[in-house]
$ cat coords_36.json   # JSON, C-alpha atoms
[["chain", "number", "residue", "atom", "x", "y", "z"],
["B", 495, "MET", "CA", 97.46, -60.62, -47.53],
["B", 496, "ALA", "CA", 99.07, -57.84, -49.52],
["B", 497, "LYS", "CA", 102.59, -58.11, -50.86],
["B", 498, "ARG", "CA", 104.91, -55.13, -50.98],
["B", 499, "ILE", "CA", 106.99, -53.78, -53.86],
["B", 500, "ALA", "CA", 109.91, -51.91, -52.33],
["B", 501, "PRO", "CA", 110.62, -48.35, -53.49],
["B", 502, "ARG", "CA", 112.27, -48.16, -56.93],
["B", 503, "SER", "CA", 111.86, -51.89, -57.61],
["B", 504, "GLY", "CA", 109.50, -54.22, -59.48],
["B", 505, "THR", "CA", 107.96, -57.69, -59.60],
["B", 506, "ALA", "CA", 106.13, -60.01, -61.99],
["B", 507, "PHE", "CA", 103.55, -62.75, -61.46],
["B", 508, "GLU", "CA", 100.76, -64.62, -63.22],
["B", 509, "LEU", "CA", 97.01, -64.04, -63.09],
["B", 510, "LYS", "CA", 94.30, -66.48, -64.13],
["B", 511, "THR", "CA", 91.14, -65.40, -65.91],
["B", 512, "GLY", "CA", 88.77, -63.90, -63.34],
["B", 513, "ASP", "CA", 91.45, -63.16, -60.73],
["B", 514, "LEU", "CA", 91.21, -59.79, -59.01],
["B", 515, "LEU", "CA", 94.39, -57.72, -58.71],
["B", 516, "THR", "CA", 94.25, -54.95, -56.10],
["B", 517, "VAL", "CA", 96.92, -52.25, -56.34],
["B", 518, "ILE", "CA", 97.29, -50.21, -53.15],
["B", 519, "ASP", "CA", 99.17, -46.99, -52.46],
["B", 520, "PRO", "CA", 100.08, -47.55, -48.79],
["B", 521, "GLU", "CA", 101.65, -44.15, -48.11],
["B", 522, "GLY", "CA", 100.00, -41.96, -50.76],
["B", 523, "GLU", "CA", 101.37, -40.12, -53.79],
["B", 524, "GLN", "CA", 103.12, -43.12, -55.38],
["B", 525, "VAL", "CA", 102.82, -44.58, -58.88],
["B", 526, "SER", "CA", 102.95, -48.18, -60.09],
["B", 527, "ASP", "CA", 103.78, -48.92, -63.73],
["B", 528, "LEU", "CA", 101.72, -51.96, -64.75],
["B", 529, "VAL", "CA", 102.20, -54.02, -67.92],
["B", 530, "ALA", "CA", 100.45, -57.24, -68.96],
["B", 531, "PHE", "CA", 101.03, -60.01, -71.51],
["B", 532, "ASN", "CA", 98.90, -62.90, -72.69],
["B", 533, "ALA", "CA", 100.34, -65.87, -70.77],
["B", 534, "ALA", "CA", 99.76, -68.16, -73.76],
["B", 535, "ASP", "CA", 101.21, -65.80, -76.39],
["B", 536, "ARG", "CA", 103.56, -63.12, -75.12],
["B", 537, "ALA", "CA", 103.45, -61.24, -78.41],
["B", 538, "GLU", "CA", 100.03, -60.02, -77.23],
["B", 539, "TYR", "CA", 100.40, -57.21, -74.70],
["B", 540, "ILE", "CA", 98.56, -54.32, -73.11],
["B", 541, "SER", "CA", 97.95, -51.42, -75.50],
["B", 542, "SER", "CA", 97.45, -47.82, -74.46],
["B", 543, "GLY", "CA", 96.47, -46.83, -77.99],
["B", 544, "ARG", "CA", 93.72, -49.44, -78.32],
["B", 545, "SER", "CA", 92.42, -48.85, -74.77],
["B", 546, "ILE", "CA", 92.25, -45.06, -75.05],
["B", 547, "ASP", "CA", 90.76, -45.27, -78.54],
["B", 548, "TYR", "CA", 87.94, -47.60, -77.47],
["B", 549, "ALA", "CA", 87.20, -45.65, -74.26],
["B", 550, "SER", "CA", 87.25, -42.33, -76.18],
["B", 551, "ARG", "CA", 89.09, -40.62, -73.34],
["B", 552, "LEU", "CA", 92.57, -40.33, -71.86],
["B", 553, "PHE", "CA", 91.74, -41.01, -68.23],
["B", 554, "LEU", "CA", 90.45, -44.53, -67.63],
["B", 555, "THR", "CA", 88.60, -45.56, -64.48],
["B", 556, "THR", "CA", 85.91, -47.90, -63.10],
["B", 557, "GLY", "CA", 84.26, -49.93, -65.83],
["B", 558, "ASP", "CA", 86.93, -49.29, -68.43],
["B", 559, "ILE", "CA", 88.76, -52.12, -70.16],
["B", 560, "LEU", "CA", 92.50, -52.29, -70.83],
["B", 561, "TYR", "CA", 92.76, -53.90, -74.25],
["B", 562, "SER", "CA", 95.63, -55.73, -75.93],
["B", 563, "ASN", "CA", 97.40, -54.83, -79.16],
["B", 564, "ARG", "CA", 95.01, -57.37, -80.75],
["B", 565, "SER", "CA", 91.93, -55.61, -79.33],
["B", 566, "ASN", "CA", 91.18, -58.35, -76.79],
["B", 567, "PRO", "CA", 90.18, -57.40, -73.24],
["B", 568, "MET", "CA", 93.04, -58.02, -70.80],
["B", 569, "LEU", "CA", 92.03, -56.23, -67.60],
["B", 570, "THR", "CA", 88.86, -54.47, -66.47],
["B", 571, "ILE", "CA", 88.98, -51.75, -63.83],
["B", 572, "VAL", "CA", 86.28, -52.91, -61.40],
["B", 573, "GLU", "CA", 86.95, -50.47, -58.54],
["B", 574, "ASP", "CA", 88.88, -47.21, -58.45],
["B", 575, "GLU", "CA", 89.21, -45.08, -55.33],
["B", 576, "VAL", "CA", 91.48, -42.51, -56.98],
["B", 577, "GLY", "CA", 90.06, -42.00, -60.47],
["B", 578, "ARG", "CA", 93.19, -40.57, -62.07],
["B", 579, "HIS", "CA", 95.85, -42.66, -63.80],
["B", 580, "ASP", "CA", 98.06, -42.25, -66.86],
["B", 581, "PHE", "CA", 98.22, -44.47, -69.94],
["B", 582, "THR", "CA", 100.36, -42.25, -72.19],
["B", 583, "LEU", "CA", 103.88, -42.03, -70.75],
["B", 584, "THR", "CA", 106.51, -44.72, -71.16],
["B", 585, "PRO", "CA", 108.22, -46.36, -68.16],
["B", 586, "CYS", "CA", 111.04, -44.19, -66.80],
["B", 587, "SER", "CA", 114.54, -45.36, -67.73],
["B", 588, "ARG", "CA", 118.20, -44.39, -67.57],
["B", 589, "ASP", "CA", 117.51, -42.16, -70.55],
["B", 590, "THR", "CA", 114.57, -40.53, -68.76],
["B", 591, "PHE", "CA", 116.82, -39.55, -65.88],
["B", 592, "ARG", "CA", 119.56, -38.39, -68.27],
["B", 593, "ILE", "CA", 117.32, -36.35, -70.58],
["B", 594, "ILE", "CA", 114.67, -34.99, -68.20],
["B", 595, "TYR", "CA", 116.55, -34.81, -64.88],
["B", 596, "GLY", "CA", 120.09, -34.26, -66.16],
["B", 597, "ASP", "CA", 121.52, -37.15, -64.11],
["B", 598, "SER", "CA", 124.94, -38.32, -65.22],
["B", 599, "ASP", "CA", 124.85, -41.50, -63.08],
["B", 600, "SER", "CA", 121.22, -42.38, -63.53],
["B", 601, "HIS", "CA", 118.94, -45.03, -62.04],
["B", 602, "HIS", "CA", 117.70, -47.78, -64.38],
["B", 603, "GLY", "CA", 114.13, -46.75, -63.55],
["B", 604, "CYS", "CA", 110.90, -48.65, -64.06],
["B", 605, "GLN", "CA", 112.08, -49.86, -67.45],
["B", 606, "GLY", "CA", 115.03, -51.62, -65.85],
["B", 607, "ASN", "CA", 112.87, -53.01, -63.06],
["B", 608, "LEU", "CA", 110.31, -54.33, -65.55],
["B", 609, "GLU", "CA", 113.09, -55.87, -67.64],
["B", 610, "ALA", "CA", 114.49, -57.72, -64.62],
["B", 611, "ALA", "CA", 111.06, -58.90, -63.47],
["B", 612, "LEU", "CA", 110.00, -60.12, -66.93],
["B", 613, "ALA", "CA", 113.28, -61.78, -67.95],
["B", 614, "PRO", "CA", 112.33, -65.13, -66.34],
["B", 615, "TYR", "CA", 109.25, -65.16, -68.60],
["B", 616, "GLY", "CA", 111.35, -64.67, -71.73],
["B", 617, "ILE", "CA", 110.11, -61.12, -72.30],
["B", 618, "GLY", "CA", 112.92, -58.81, -73.42],
["B", 619, "PRO", "CA", 113.45, -55.05, -73.13],
["B", 620, "ASP", "CA", 112.14, -54.22, -76.61],
["B", 621, "ASN", "CA", 108.87, -56.02, -75.88],
["B", 622, "ILE", "CA", 107.88, -53.89, -72.89],
["B", 623, "PRO", "CA", 104.99, -51.59, -73.91],
["B", 624, "ILE", "CA", 103.71, -48.31, -72.52],
["B", 625, "ALA", "CA", 102.51, -49.10, -69.01],
["B", 626, "PHE", "CA", 99.20, -48.35, -67.36],
["B", 627, "ASN", "CA", 100.62, -45.99, -64.74],
["B", 628, "VAL", "CA", 98.39, -46.63, -61.74],
["B", 629, "PHE", "CA", 97.80, -43.45, -59.67],
["B", 630, "MET", "CA", 99.98, -41.29, -61.98],
["B", 631, "HIS", "CA", 98.66, -37.74, -62.38],
["B", 632, "VAL", "CA", 99.46, -36.18, -65.75],
["B", 633, "SER", "CA", 97.73, -32.94, -66.69],
["B", 634, "VAL", "CA", 97.13, -32.10, -70.34],
["B", 635, "ASP", "CA", 96.57, -28.57, -71.63],
["B", 636, "GLY", "CA", 93.49, -28.67, -73.82],
["B", 637, "GLU", "CA", 94.82, -26.02, -76.22],
["B", 638, "THR", "CA", 98.53, -26.72, -76.60],
["B", 639, "GLY", "CA", 98.66, -30.39, -75.59],
["B", 640, "GLU", "CA", 101.46, -29.58, -73.14],
["B", 641, "ILE", "CA", 101.75, -32.15, -70.37],
["B", 642, "ALA", "CA", 102.90, -31.87, -66.77],
["B", 643, "VAL", "CA", 103.56, -34.70, -64.32],
["B", 644, "LEU", "CA", 102.00, -33.73, -60.99],
["B", 645, "PRO", "CA", 101.92, -35.46, -57.59],
["B", 646, "PRO", "CA", 99.45, -38.36, -57.60],
["B", 647, "LYS", "CA", 96.00, -37.76, -56.14],
["B", 648, "SER", "CA", 96.13, -41.07, -54.25],
["B", 649, "LYS", "CA", 95.94, -40.89, -50.47],
["B", 650, "PRO", "CA", 97.39, -43.49, -48.07],
["B", 651, "GLY", "CA", 95.61, -46.82, -48.40],
["B", 652, "GLN", "CA", 93.64, -46.01, -51.54],
["B", 653, "LYS", "CA", 93.36, -48.73, -54.16],
["B", 654, "THR", "CA", 92.41, -49.70, -57.69],
["B", 655, "VAL", "CA", 91.09, -53.19, -58.49],
["B", 656, "PHE", "CA", 91.47, -54.96, -61.84],
["B", 657, "ARG", "CA", 89.85, -58.18, -63.08],
["B", 658, "ALA", "CA", 91.89, -60.40, -65.41],
["B", 659, "GLU", "CA", 89.98, -61.12, -68.61],
["B", 660, "MET", "CA", 92.52, -63.72, -69.81],
["B", 661, "ASP", "CA", 95.43, -65.62, -68.30],
["B", 662, "LEU", "CA", 98.14, -63.01, -67.90],
["B", 663, "ILE", "CA", 101.73, -62.31, -66.98],
["B", 664, "VAL", "CA", 101.71, -59.01, -65.10],
["B", 665, "ALA", "CA", 104.67, -56.88, -64.06],
["B", 666, "MET", "CA", 104.46, -53.90, -61.71],
["B", 667, "THR", "CA", 106.81, -51.36, -60.17],
["B", 668, "ALA", "CA", 107.01, -48.84, -57.37],
["B", 669, "CYS", "CA", 107.97, -45.96, -59.64],
["B", 670, "SER", "CA", 111.47, -44.56, -59.58],
["B", 671, "ALA", "CA", 110.83, -41.13, -61.15],
["B", 672, "GLY", "CA", 110.73, -38.20, -58.74],
["B", 673, "GLN", "CA", 108.14, -36.23, -60.71],
["B", 674, "SER", "CA", 105.75, -39.18, -60.40],
["B", 675, "ASN", "CA", 105.81, -39.35, -56.59],
["B", 676, "ASN", "CA", 106.58, -35.81, -55.42],
["B", 677, "PHE", "CA", 110.25, -36.84, -55.02],
["B", 678, "ARG", "CA", 109.43, -39.16, -52.13],
["B", 679, "TYR", "CA", 110.14, -42.73, -53.24],
["B", 680, "LYS", "CA", 107.68, -45.09, -51.58],
["B", 681, "PRO", "CA", 106.43, -48.69, -51.86],
["B", 682, "ILE", "CA", 103.40, -50.11, -53.62],
["B", 683, "ASP", "CA", 101.29, -52.96, -52.21],
["B", 684, "TYR", "CA", 99.24, -55.46, -54.16],
["B", 685, "SER", "CA", 97.13, -58.54, -53.60],
["B", 686, "VAL", "CA", 95.60, -61.21, -55.82],
["B", 687, "GLU", "CA", 92.23, -62.84, -55.14],
["B", 688, "ALA", "CA", 91.36, -65.97, -57.08],
["B", 689, "GLY", "CA", 88.44, -65.63, -59.45],
["B", 690, "ALA", "CA", 85.17, -67.37, -58.81]]

$ encode --input "coords_36.json" --output "structure tokens"
Amino acid sequence: MAKRIAPRSGTAFELKTGDLLTVIDPEGEQVSDLVAFNAADRAEYISSGRSIDYASRLFLTTGDILYSNRSNPMLTIVEDEVGRHDFTLTPCSRDTFRIIYGDSDSHHGCQGNLEAALAPYGIGPDNIPIAFNVFMHVSVDGETGEIAVLPPKSKPGQKTVFRAEMDLIVAMTACSAGQSNNFRYKPIDYSVEAGA
């Protein structure tokens, strides 16, 4: 049975090698920031740079591997009903809302939610890497490199499934940034199926 991450909040949990993590967008057009750490050595974490480098493309999908900063496979995308995610932008934070949105009393964002979720595992703010932003739609101009955050392409009920390639600590959010969800803050659902 799927669990729900409330809008603008986050959670953390453990996966065993071979477990399947299904991330579901129940209402459509919502993003989930996902980070992962080696459960046995939390200095090893998910790496956008390694993953994009080894895939030779920005937009990862079915069959692609999310590698660690030590070039070890952490998660494999085994099913992807949306096909568009982001692995370049950092989790939104108070500074994001201050600098990009001009908010004077800003929300703590996905960064704050990841910090709170990971604190019980002894993982501090400075150790949170760039997230794999599930369902996030970022366009990139091929000439100038200019980026734009657009509404996600995910429709209600669509999902992406990951297989854990090592024992992991995973943290996820229901994203707090308006640009990421068409300014309609919604939940994210997820489920874990034990590996064979």

$ atom_distance --input "coords_36.json" --atom1 "atom CA of B:Leu662" --atom2 "atom CA of B:Arg551"
24.8 Å

$ closest_residue --input "coords_36.json" --among "B:Gly504, B:Pro520, B:Gly616, B:Gly606" --to "B:Ile682" --atoms "all atoms listed in the file"
B:Pro520

$ residues_around --input "coords_36.json" --residues "B:Asp519" --least-positions-apart "2" --cutoff "9 Å" --atoms "only C-alpha atoms" --output "mmCIF file with C-alpha atoms, in the frame of the given file"
data_model
loop_
_atom_site.group_PDB
_atom_site.id
_atom_site.type_symbol
_atom_site.label_atom_id
_atom_site.label_comp_id
_atom_site.auth_asym_id
_atom_site.auth_seq_id
_atom_site.Cartn_x
_atom_site.Cartn_y
_atom_site.Cartn_z
ATOM 1 C CA VAL B 517 96.920 -52.250 -56.340
ATOM 2 C CA GLU B 521 101.650 -44.150 -48.110
ATOM 3 C CA GLY B 522 100.000 -41.960 -50.760
ATOM 4 C CA GLU B 523 101.370 -40.120 -53.790
ATOM 5 C CA GLN B 524 103.120 -43.120 -55.380
ATOM 6 C CA VAL B 525 102.820 -44.580 -58.880
ATOM 7 C CA SER B 526 102.950 -48.180 -60.090
ATOM 8 C CA PHE B 629 97.800 -43.450 -59.670
ATOM 9 C CA SER B 648 96.130 -41.070 -54.250
ATOM 10 C CA LYS B 649 95.940 -40.890 -50.470
ATOM 11 C CA PRO B 650 97.390 -43.490 -48.070
ATOM 12 C CA GLY B 651 95.610 -46.820 -48.400
ATOM 13 C CA GLN B 652 93.640 -46.010 -51.540
ATOM 14 C CA LYS B 653 93.360 -48.730 -54.160
ATOM 15 C CA THR B 654 92.410 -49.700 -57.690
ATOM 16 C CA LYS B 680 107.680 -45.090 -51.580
ATOM 17 C CA PRO B 681 106.430 -48.690 -51.860
ATOM 18 C CA ILE B 682 103.400 -50.110 -53.620
ATOM 19 C CA ASP B 683 101.290 -52.960 -52.210
ATOM 20 C CA TYR B 684 99.240 -55.460 -54.160
#

$ closest_residue --input "coords_36.json" --among "B:Ile540, B:Val529, B:Ile546, B:Val628" --to "B:Ser674" --atoms "all atoms listed in the file"
B:Val628

$ closest_residue --input "coords_36.json" --among "B:Pro585, B:Gly639, B:Gly557, B:Gly596" --to "B:Leu569" --atoms "all atoms listed in the file"
B:Gly557

$ closest_residue --input "coords_36.json" --among "B:Ser503, B:Gln605, B:Thr511, B:Thr667" --to "B:Ala533" --atoms "only C-alpha atoms"
B:Thr511

$ closest_residue --input "coords_36.json" --among "B:Gly543, B:Gly636, B:Gly618, B:Pro645" --to "B:Tyr679" --atoms "only C-alpha atoms"
B:Pro645

$ closest_residue --input "coords_36.json" --among "B:Phe626, B:Thr570, B:Tyr615, B:Arg502" --to "B:Arg678" --atoms "all atoms listed in the file"
B:Arg502

$ atom_distance --input "coords_36.json" --atom1 "atom CA of B:Lys510" --atom2 "atom CA of B:Ser550"
27.9 Å

$ residues_around --input "coords_36.json" --residues "B:Val632" --least-positions-apart "3" --cutoff "8 Å" --atoms "only C-alpha atoms" --output "VMD selection string"
chain B and resid 579 to 580 641 to 644

$ axis_aligned_box --input "coords_36.json" --around "stretch 626-642 of chain B" --padding-each-side "4 Å" --output "lines of an AutoDock Vina configuration file"
center_x = 98.2
center_y = -37.2
center_z = -68.1
size_x = 17.4
size_y = 30.3
size_z = 24.9

$ atom_distance --input "coords_36.json" --atom1 "atom CA of B:Leu560" --atom2 "atom CA of B:Ile518"
18.4 Å

$ residues_around --input "coords_36.json" --residues "B:His602" --least-positions-apart "5" --cutoff "9 Å" --atoms "only C-alpha atoms" --output "list in words"
Cys586, Ser587, Arg588, Asp589, Phe591, Asn607 and Ser670 of chain B

$ write_last_selection --input "coords_36.json" --atoms "C-alpha atoms" --output "PDB file, in the frame of the given file"
ATOM      1  CA  CYS B 586     111.040 -44.190 -66.800  1.00  0.00           C
ATOM      2  CA  SER B 587     114.540 -45.360 -67.730  1.00  0.00           C
ATOM      3  CA  ARG B 588     118.200 -44.390 -67.570  1.00  0.00           C
ATOM      4  CA  ASP B 589     117.510 -42.160 -70.550  1.00  0.00           C
ATOM      5  CA  PHE B 591     116.820 -39.550 -65.880  1.00  0.00           C
ATOM      6  CA  ASN B 607     112.870 -53.010 -63.060  1.00  0.00           C
ATOM      7  CA  SER B 670     111.470 -44.560 -59.580  1.00  0.00           C
TER       8      SER B 670
END

$ residues_around --input "coords_36.json" --residues "B:Glu687" --least-positions-apart "3" --cutoff "10 Å" --atoms "only C-alpha atoms" --output "list in words"
Met495, Leu509, Lys510, Gly512, Asp513, Leu514, Leu515, Thr516, Arg657 and Ala690 of chain B

$ residues_around --input "coords_36.json" --residues "B:Ala625" --least-positions-apart "3" --cutoff "8 Å" --atoms "only C-alpha atoms" --output "list in words"
Asp527, Leu528, Val529, Ile540, Ser542, Phe581, Thr582, Leu583, Thr584 and Pro585 of chain B
